[in-house]
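Read the structure below first, then the notes.
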Amino acid sequence: MSASSPSRLAAFLLPALTAVALILLWYAFKAVLQVPSFVLPAPHEIVAAAWEERTVLWSAALVTVRGALLGFTAAVTVGFLLAMALGFSPRIKTSFYPLILVLQMMPVTILAPIFVLWLGQGLPSIVAITFVIGFFPVVANTTMGFISVDRHLRELFVMCNATRAQEARYLRIPGAMPYFLTGMKIAGTLAPIGAIVGDFLAGSAQGGVGGIGYMTISYFSQLKTPALFATGLVACVMGFLFVGGVNWLHWRLLHSWHDSMVKKE
Amino acid sequence: MDRAMSEAPVVKVSGLRKRFGAGPLVLDGIDLEVARGEFVSFIGPSGCGKSTLLRLIAGLTPASEGSITVEGLAPEQARKRMFFVFQDANLMPWRRVAENVELPLLLRGDAPAPRRERVARMLEIVGLAGAEAKFPWQLSGGMKMRVSIARALSVAPEILLLDEPIGALDEMTRDRLNEDLLAIRSRDPFTGFFVTHAVAEAVFLSSRIVVLGANPGRVTAVIEVPFAYPRQPELRETPPFLRLLATTAQALRAVRVA
Ligand SMILES: Nc1ncnc2c1ncn2[C@@H]1O[C@H](COP(=O)(O)OP(=O)(O)O)[C@@H](O)[C@H]1O
Ligand SMILES: [Mg+2]
């Protein structure tokens, strides 16, 4: 009790104090060097801009979250299914896996205009970009999970005369779960970033408002710097919620049995 | 026993040789006939091919030369009658105790109700009633092994193959488990194959001890264990038991020196 509570308090207090110190430093820097607000706004100006633009930012955030969720879901689903094909058939794996690794090297900045060319400005392209970013970590990790099945557990299934479908359902898929969830966690971290980048490159304000990436460009071109910074704030909050959600799912599915979650004394 | 002797052997191994790929000969010329109800222990230095021999009988790896029949069938065809207790329990970490025991029944297509009933009985037999909902990480090594044995017994196999099931446990847990194993066998009589490197365990459990030598693995001695089943724990302190212990230890030492 006496050993754990001060350290838990410190876990809240230390970052809060650091934040306060950095904000003070920010003000000091701005005052001493007389940096104008359109270059570096003060923290309170950012908060004020966020409040002023709240309706726009809220709709923009919703647009981006929608893109991120769709792209993430597609990445996780397609990634899992492809990993299953790769993990279950050595032939498919040898045929495709190297190509997947090579494709992974393709920068999004090159893929983005291609998607726009094919899918036009707007949500489909944004989803495609988010998908591409989240897809590879899911495939790579999950495939590894399907391949690294415990040899002795496989022999157990052989002794039980298990069919391939049974082996998949009761051994390989649950065994690959921790790997899949690791891939999903990475994809979850990348998805909001992917959606914002996608929106930045392929977004449009058709049908009302654009997403966060689109608003970034808009505020930038109007030199509304405090609002530009505010989009960053919104992006941080969004990313935090997204990662939190994925982490929660990870915990839900693994906490009862997996080594990484189990609390041993 | 008389009836068993007159019957065809349950497991018949003849002229068995085994090498992995182009590797060296692991087992060389193994001949063995085991009657129903026997309990045969394989004992020998590490790496002499004990596990391999067990895996061959289970049909988990093919013979290079010679033949193995189980109930007159090729091992792969006879799997429904056998089960394997693997080293280190080999439980599925994401399944609870009851779910681990249930697995073989589930895979062979038993209905849920008889499955549950059978699992409950098995856990009771191995002394784990009440631990149904625990995960493997919450169990001690001895408890894990009991789950593994309950899982193997759930399908009521005629032949049970045990690969150093209690190798890593402390002596008290081992003795208890061995006694329980014999108790279980007096209720559900299976033909047993048991790999161990502990002489006392082999003598206490077996009706026959097969001593294997290494490089390549060959049968160097066969020791009949005359004590009748059921055996009591006190058997371990009797002079005939201790004499047989000495004989077996000598046979094992002869292999190690050679
Ligand atoms: N799957 C395998 N592939 C290649 N070599 C193996 C394999 N399994 C066992 N061996 C080799 O066969 C020999 C006997 O192994 P094993 O049967 O495990 O011995 P024991 O159980 O008596 O310690 C060892 O030299 C081991 O390296
Ligand atoms: Mg072994």
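Chain lettering (A, B, ...) mirrors the order of the structure tokens, residue numbering begins at 1 for each chain separately, and ligand numbering begins at 1 in order of display.
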Could you produce a table of the residues of chain B lying within 7 Å of ligand 1, with the nearest pair of atoms per residue and their separation in Å rounded to one decimal, using only C-alpha atoms and all ligand atoms, ordered by chain and increasing residue number, as a tab-separated table?
residue	atom	partner	partner_atom_place_in_ligand_line	distance
B:Phe20	CA	ligand 1	4 (C)	4.9
B:Val26	CA	ligand 1	12 (O)	5.3
B:Gly44	CA	ligand 1	22 (O)	6.6
B:Pro45	CA	ligand 1	22 (O)	6.4
B:Ser46	CA	ligand 1	23 (O)	3.9
B:Gly47	CA	ligand 1	19 (O)	3.4
B:Cys48	CA	ligand 1	22 (O)	4.1
B:Gly49	CA	ligand 1	17 (O)	3.2
B:Lys50	CA	ligand 1	22 (O)	3.7
B:Ser51	CA	ligand 1	21 (O)	3.7
B:Thr52	CA	ligand 1	17 (O)	3.6
B:Leu53	CA	ligand 1	17 (O)	6.5
Hey, list the chain B side of the contact with chain A: 9 Å cut-off, only C-alpha atoms, answer as a compact mmCIF listing (two decimals) with N, CA, C and O atoms, in the first residue's frame.
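The file below, iface_38.txt, is the result:
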# COMPACT_ATOMS: atom_id res chain seq x y z
N ALA B 58 2.52 -44.67 -31.72
CA ALA B 58 1.33 -43.82 -31.86
C ALA B 58 1.06 -43.44 -33.31
O ALA B 58 0.02 -42.85 -33.62
N GLY B 59 2.01 -43.74 -34.18
CA GLY B 59 1.83 -43.37 -35.58
C GLY B 59 2.06 -41.89 -35.84
O GLY B 59 1.59 -41.35 -36.83
N LEU B 60 2.80 -41.25 -34.95
CA LEU B 60 3.10 -39.82 -35.14
C LEU B 60 4.31 -39.62 -36.05
O LEU B 60 4.55 -38.52 -36.53
N GLU B 76 -1.47 -45.63 -37.56
CA GLU B 76 -2.34 -44.49 -37.90
C GLU B 76 -3.81 -44.92 -37.94
O GLU B 76 -4.70 -44.11 -37.72
N ARG B 79 -5.53 -45.19 -34.12
CA ARG B 79 -5.47 -44.05 -33.20
C ARG B 79 -6.67 -43.93 -32.30
O ARG B 79 -6.57 -43.42 -31.19
N LYS B 80 -7.81 -44.38 -32.79
CA LYS B 80 -9.03 -44.28 -31.97
C LYS B 80 -8.89 -45.07 -30.68
O LYS B 80 -9.61 -44.83 -29.72
N MET B 82 -5.97 -45.41 -29.03
CA MET B 82 -4.79 -45.00 -28.26
C MET B 82 -4.94 -43.56 -27.81
O MET B 82 -5.66 -42.78 -28.44
N PHE B 83 -4.21 -43.23 -26.78
CA PHE B 83 -4.03 -41.80 -26.52
C PHE B 83 -2.62 -41.57 -25.97
O PHE B 83 -1.99 -42.49 -25.46
N PHE B 84 -2.19 -40.33 -26.09
CA PHE B 84 -0.82 -39.98 -25.79
C PHE B 84 -0.82 -38.95 -24.67
O PHE B 84 -1.54 -37.96 -24.74
N VAL B 85 -0.04 -39.18 -23.65
CA VAL B 85 0.16 -38.15 -22.63
C VAL B 85 1.54 -37.55 -22.89
O VAL B 85 2.55 -38.22 -22.77
N PHE B 86 1.54 -36.30 -23.30
CA PHE B 86 2.78 -35.68 -23.75
C PHE B 86 3.59 -35.15 -22.58
O PHE B 86 3.06 -34.86 -21.50
N GLN B 87 4.88 -35.00 -22.87
CA GLN B 87 5.77 -34.37 -21.90
C GLN B 87 5.25 -32.96 -21.61
O GLN B 87 4.66 -32.33 -22.47
N ASN B 90 1.27 -30.28 -22.00
CA ASN B 90 0.77 -29.96 -23.34
C ASN B 90 -0.70 -29.55 -23.33
O ASN B 90 -1.49 -30.03 -24.13
N LEU B 91 -1.04 -28.65 -22.44
CA LEU B 91 -2.43 -28.16 -22.40
C LEU B 91 -2.56 -26.94 -23.30
O LEU B 91 -1.58 -26.28 -23.64
N MET B 92 -3.81 -26.64 -23.68
CA MET B 92 -4.04 -25.45 -24.49
C MET B 92 -4.28 -24.29 -23.53
O MET B 92 -5.26 -24.29 -22.78
N PRO B 93 -3.40 -23.29 -23.57
CA PRO B 93 -3.45 -22.24 -22.55
C PRO B 93 -4.74 -21.43 -22.55
O PRO B 93 -5.09 -20.82 -21.55
N TRP B 94 -5.44 -21.40 -23.69
CA TRP B 94 -6.65 -20.57 -23.75
C TRP B 94 -7.91 -21.34 -23.37
O TRP B 94 -8.99 -20.79 -23.36
N ARG B 95 -7.77 -22.61 -23.09
CA ARG B 95 -8.94 -23.39 -22.68
C ARG B 95 -8.86 -23.66 -21.19
O ARG B 95 -7.80 -23.98 -20.66
N ARG B 96 -10.00 -23.57 -20.54
CA ARG B 96 -10.06 -23.87 -19.12
C ARG B 96 -9.85 -25.36 -18.90
O ARG B 96 -9.88 -26.14 -19.83
N LEU B 103 -11.65 -31.66 -24.88
CA LEU B 103 -11.23 -31.54 -26.28
C LEU B 103 -11.33 -32.82 -27.10
O LEU B 103 -11.96 -32.83 -28.17
N PRO B 104 -10.75 -33.94 -26.65
CA PRO B 104 -10.82 -35.15 -27.49
C PRO B 104 -12.26 -35.61 -27.74
O PRO B 104 -12.57 -36.10 -28.83
N LEU B 105 -13.13 -35.40 -26.75
CA LEU B 105 -14.53 -35.79 -26.91
C LEU B 105 -15.22 -34.89 -27.91
O LEU B 105 -16.01 -35.33 -28.75
N LEU B 107 -13.74 -33.28 -30.33
CA LEU B 107 -13.22 -33.52 -31.67
C LEU B 107 -13.79 -34.81 -32.27
O LEU B 107 -13.92 -34.91 -33.48
N ARG B 108 -14.13 -35.76 -31.43
CA ARG B 108 -14.68 -36.98 -32.03
C ARG B 108 -16.19 -36.90 -32.17
O ARG B 108 -16.83 -37.85 -32.63
N PHE B 135 -7.68 -21.74 -15.53
CA PHE B 135 -6.84 -21.79 -16.73
C PHE B 135 -5.53 -22.48 -16.38
O PHE B 135 -5.10 -22.46 -15.21
N PRO B 136 -4.86 -23.09 -17.39
CA PRO B 136 -3.62 -23.82 -17.08
C PRO B 136 -2.60 -23.01 -16.28
O PRO B 136 -1.93 -23.56 -15.42
N TRP B 137 -2.50 -21.70 -16.56
CA TRP B 137 -1.49 -20.92 -15.84
C TRP B 137 -1.77 -20.84 -14.35
O TRP B 137 -0.88 -20.50 -13.56
N GLN B 138 -2.98 -21.18 -13.95
CA GLN B 138 -3.30 -21.12 -12.52
C GLN B 138 -3.00 -22.42 -11.80
O GLN B 138 -3.28 -22.54 -10.61
Surrounding residues of Thr182 (chain A) excluding itself and chain neighbours under 2 positions, 9 Å, only C-alpha atoms, as a ChimeraX atom specification: /A:137-138,141-142,177-180,184-187,250
- request: Excluding region 224-233 of chain A and any residue of its chain fewer than 6 positions from it, enumerate the residues within 12 Å of it, using only C-alpha atoms, and give them as an MDAnalysis selection string.
  value: chainID A and resid 36:54 56:61 64 192:193 196 211:218 239:240
Write to file, as a compact mmCIF listing (two decimals), in the first residue's frame, the residues of the selection just made, with N, CA and C atoms.
# COMPACT_ATOMS: atom_id res chain seq x y z
N PRO A 36 4.80 35.94 -33.46
CA PRO A 36 3.39 36.28 -33.72
C PRO A 36 2.50 35.05 -33.70
N SER A 37 1.22 35.26 -33.42
CA SER A 37 0.29 34.14 -33.23
C SER A 37 0.04 33.34 -34.50
N PHE A 38 0.21 33.96 -35.68
CA PHE A 38 -0.04 33.18 -36.89
C PHE A 38 1.12 32.22 -37.17
N VAL A 39 2.25 32.38 -36.45
CA VAL A 39 3.35 31.41 -36.54
C VAL A 39 3.24 30.40 -35.40
N LEU A 40 3.17 30.92 -34.17
CA LEU A 40 3.01 30.04 -33.02
C LEU A 40 1.97 30.62 -32.07
N PRO A 41 0.75 30.10 -32.13
CA PRO A 41 -0.27 30.60 -31.21
C PRO A 41 0.00 30.15 -29.78
N ALA A 42 -0.51 30.92 -28.82
CA ALA A 42 -0.39 30.52 -27.42
C ALA A 42 -1.40 29.41 -27.15
N PRO A 43 -1.10 28.57 -26.14
CA PRO A 43 -2.02 27.45 -25.85
C PRO A 43 -3.47 27.90 -25.68
N HIS A 44 -3.68 29.02 -24.98
CA HIS A 44 -5.08 29.42 -24.75
C HIS A 44 -5.75 29.84 -26.06
N GLU A 45 -4.96 30.35 -26.99
CA GLU A 45 -5.52 30.72 -28.29
C GLU A 45 -5.96 29.48 -29.07
N ILE A 46 -5.20 28.38 -28.90
CA ILE A 46 -5.56 27.12 -29.56
C ILE A 46 -6.87 26.59 -29.02
N VAL A 47 -6.96 26.64 -27.68
CA VAL A 47 -8.19 26.15 -27.05
C VAL A 47 -9.38 27.02 -27.48
N ALA A 48 -9.16 28.32 -27.52
CA ALA A 48 -10.22 29.23 -27.94
C ALA A 48 -10.64 28.94 -29.38
N ALA A 49 -9.66 28.71 -30.25
CA ALA A 49 -9.97 28.42 -31.66
C ALA A 49 -10.74 27.11 -31.77
N ALA A 50 -10.32 26.12 -30.96
CA ALA A 50 -11.02 24.83 -30.97
C ALA A 50 -12.48 25.01 -30.59
N TRP A 51 -12.70 25.89 -29.61
CA TRP A 51 -14.08 26.15 -29.16
C TRP A 51 -14.87 26.87 -30.24
N GLU A 52 -14.25 27.87 -30.84
CA GLU A 52 -14.88 28.65 -31.89
C GLU A 52 -15.27 27.78 -33.07
N GLU A 53 -14.37 26.88 -33.43
CA GLU A 53 -14.59 26.04 -34.61
C GLU A 53 -15.22 24.70 -34.25
N ARG A 54 -15.82 24.64 -33.07
CA ARG A 54 -16.23 23.32 -32.55
C ARG A 54 -17.17 22.56 -33.47
N VAL A 56 -17.47 22.77 -36.78
CA VAL A 56 -16.71 22.30 -37.95
C VAL A 56 -15.79 21.15 -37.56
N LEU A 57 -15.07 21.35 -36.45
CA LEU A 57 -14.11 20.32 -36.03
C LEU A 57 -14.82 19.02 -35.66
N TRP A 58 -15.96 19.16 -35.03
CA TRP A 58 -16.72 17.96 -34.63
C TRP A 58 -17.15 17.16 -35.86
N SER A 59 -17.73 17.85 -36.86
CA SER A 59 -18.13 17.12 -38.07
C SER A 59 -16.92 16.56 -38.79
N ALA A 60 -15.85 17.36 -38.79
CA ALA A 60 -14.63 16.88 -39.45
C ALA A 60 -14.11 15.62 -38.76
N ALA A 61 -14.14 15.64 -37.43
CA ALA A 61 -13.68 14.47 -36.67
C ALA A 61 -14.53 13.26 -36.99
N THR A 64 -13.55 11.83 -40.31
CA THR A 64 -12.27 11.11 -40.21
C THR A 64 -12.43 9.80 -39.47
N PRO A 192 -6.14 6.10 -37.50
CA PRO A 192 -6.51 7.52 -37.52
C PRO A 192 -5.50 8.35 -38.30
N ILE A 193 -4.22 8.00 -38.18
CA ILE A 193 -3.19 8.70 -38.94
C ILE A 193 -3.45 8.49 -40.43
N ILE A 196 -6.35 10.54 -41.64
CA ILE A 196 -6.04 11.97 -41.76
C ILE A 196 -5.15 12.23 -42.96
N GLY A 211 -12.81 16.05 -43.77
CA GLY A 211 -12.31 15.50 -42.51
C GLY A 211 -11.23 16.37 -41.92
N ILE A 212 -10.58 15.85 -40.88
CA ILE A 212 -9.55 16.61 -40.18
C ILE A 212 -8.40 16.99 -41.11
N GLY A 213 -7.99 16.07 -41.97
CA GLY A 213 -6.90 16.36 -42.91
C GLY A 213 -7.27 17.49 -43.84
N TYR A 214 -8.51 17.47 -44.30
CA TYR A 214 -8.98 18.51 -45.21
C TYR A 214 -9.02 19.86 -44.50
N MET A 215 -9.50 19.86 -43.28
CA MET A 215 -9.56 21.11 -42.51
C MET A 215 -8.18 21.68 -42.26
N THR A 216 -7.19 20.80 -42.10
CA THR A 216 -5.82 21.25 -41.92
C THR A 216 -5.39 22.12 -43.09
N ILE A 217 -5.67 21.64 -44.29
CA ILE A 217 -5.31 22.41 -45.49
C ILE A 217 -6.10 23.72 -45.53
N SER A 218 -7.37 23.60 -45.22
CA SER A 218 -8.23 24.78 -45.27
C SER A 218 -7.73 25.87 -44.31
N GLY A 239 -6.88 9.76 -31.92
CA GLY A 239 -5.92 8.64 -31.91
C GLY A 239 -5.94 7.94 -30.57
N PHE A 240 -6.00 8.73 -29.51
CA PHE A 240 -6.01 8.19 -28.15
C PHE A 240 -7.22 7.29 -27.94
- prompt: Per DSSP on the backbone, what are the alpha helix (DSSP H) residues of region 54-173 of chain A, as an MDAnalysis selection string?
  reply: chainID A and resid 54:88 90:104 108:119 123:147 151:159 164:167 173
field: DSSP strand (DSSP E) residues within region 30-233 of chain B, as an NGL selection string
entry: :B and (30-34 or 39-43 or 65-70 or 82-85 or 159-163 or 191-196 or 208-213 or 218-224)
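Minimum distance to Ile133 (chain A) across A:Leu249, A:Leu33, A:Ala10, A:Ala191 (counting only C-alpha atoms) occurs at A:Ala191.
The two atoms in question, CA of Arg121 (chain B) and CA of Glu201 (chain B), are spaced 26.3 Å apart.
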task: Write out as number ranges by chain each polymer residue whose atoms come within 9 Å of Gly141 (chain B), counting only C-alpha atoms; drop sequence neighbours fewer than 2 positions from it.
output: B: 88-89, 139, 143-146, 166, 168-169
- prompt: Out of B:Leu177, B:Val126, B:Ile159, B:Val203, which residue has the shortest atom-to-atom distance to Arg81 (chain B) when counting only C-alpha atoms?
  reply: B:Ile159
message: Please compute the CA of Arg231 (chain B)-CA of Ser186 (chain B) distance, one decimal, in Å.
response: 9.7 Å
message: Using only C-alpha atoms for the distances, tell me which of A:Phe220, A:Thr130, A:Gly244, A:Thr143 is nearest to Leu69 (chain A).
response: A:Thr130
Do a neighbour search on Ser154 (chain B) at 7 Å with only C-alpha atoms, toss out local chain neighbours closer than 6 positions, and write the hits as a short mmCIF file (atom, residue, chain, number, x, y, z; two decimals) with all heavy atoms, in the first residue's frame.
data_model
loop_
_atom_site.label_atom_id
_atom_site.label_comp_id
_atom_site.auth_asym_id
_atom_site.auth_seq_id
_atom_site.Cartn_x
_atom_site.Cartn_y
_atom_site.Cartn_z
N VAL B 101 -9.93 -30.98 -20.96
CA VAL B 101 -10.26 -32.39 -20.82
C VAL B 101 -11.30 -32.79 -21.87
O VAL B 101 -11.30 -33.89 -22.40
CB VAL B 101 -10.79 -32.67 -19.40
CG1 VAL B 101 -11.25 -34.11 -19.26
CG2 VAL B 101 -9.70 -32.37 -18.37
N ARG B 118 -18.85 -36.82 -18.69
CA ARG B 118 -17.58 -37.55 -18.75
C ARG B 118 -16.44 -36.70 -18.17
O ARG B 118 -15.60 -37.20 -17.43
CB ARG B 118 -17.30 -37.92 -20.21
CG ARG B 118 -16.06 -38.72 -20.44
CD ARG B 118 -16.27 -40.19 -20.16
NE ARG B 118 -15.01 -40.91 -20.29
CZ ARG B 118 -14.74 -42.06 -19.68
NH1 ARG B 118 -15.66 -42.64 -18.94
NH2 ARG B 118 -13.58 -42.64 -19.82
N VAL B 119 -16.43 -35.43 -18.53
CA VAL B 119 -15.38 -34.52 -18.04
C VAL B 119 -15.42 -34.45 -16.52
O VAL B 119 -14.39 -34.53 -15.85
CB VAL B 119 -15.52 -33.11 -18.67
CG1 VAL B 119 -14.65 -32.10 -17.95
CG2 VAL B 119 -15.19 -33.15 -20.15
N MET B 122 -13.99 -37.60 -15.07
CA MET B 122 -12.53 -37.69 -15.24
C MET B 122 -11.81 -36.80 -14.24
O MET B 122 -10.82 -37.18 -13.64
CB MET B 122 -12.14 -37.25 -16.66
CG MET B 122 -12.50 -38.25 -17.73
SD MET B 122 -11.78 -39.85 -17.36
CE MET B 122 -13.23 -40.81 -17.14
#
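For the choices B:His197, B:Arg36, B:Lys18, B:Arg116, the atom-to-atom distance to ligand 2 is smallest for B:His197 when using only C-alpha atoms and all ligand atoms.
Residues in contact with Phe96 (chain A) at 12 Å, where only C-alpha atoms are counted and same-chain residues fewer than 3 positions away are skipped, are listed as Leu82, Ala83, Ala85, Leu86, Gly87, Ser89, Pro90, Arg91, Ile92, Lys93, Leu99, Ile100, Leu101, Val102, Leu103, Val139, Ala140 and Thr143 of chain A.
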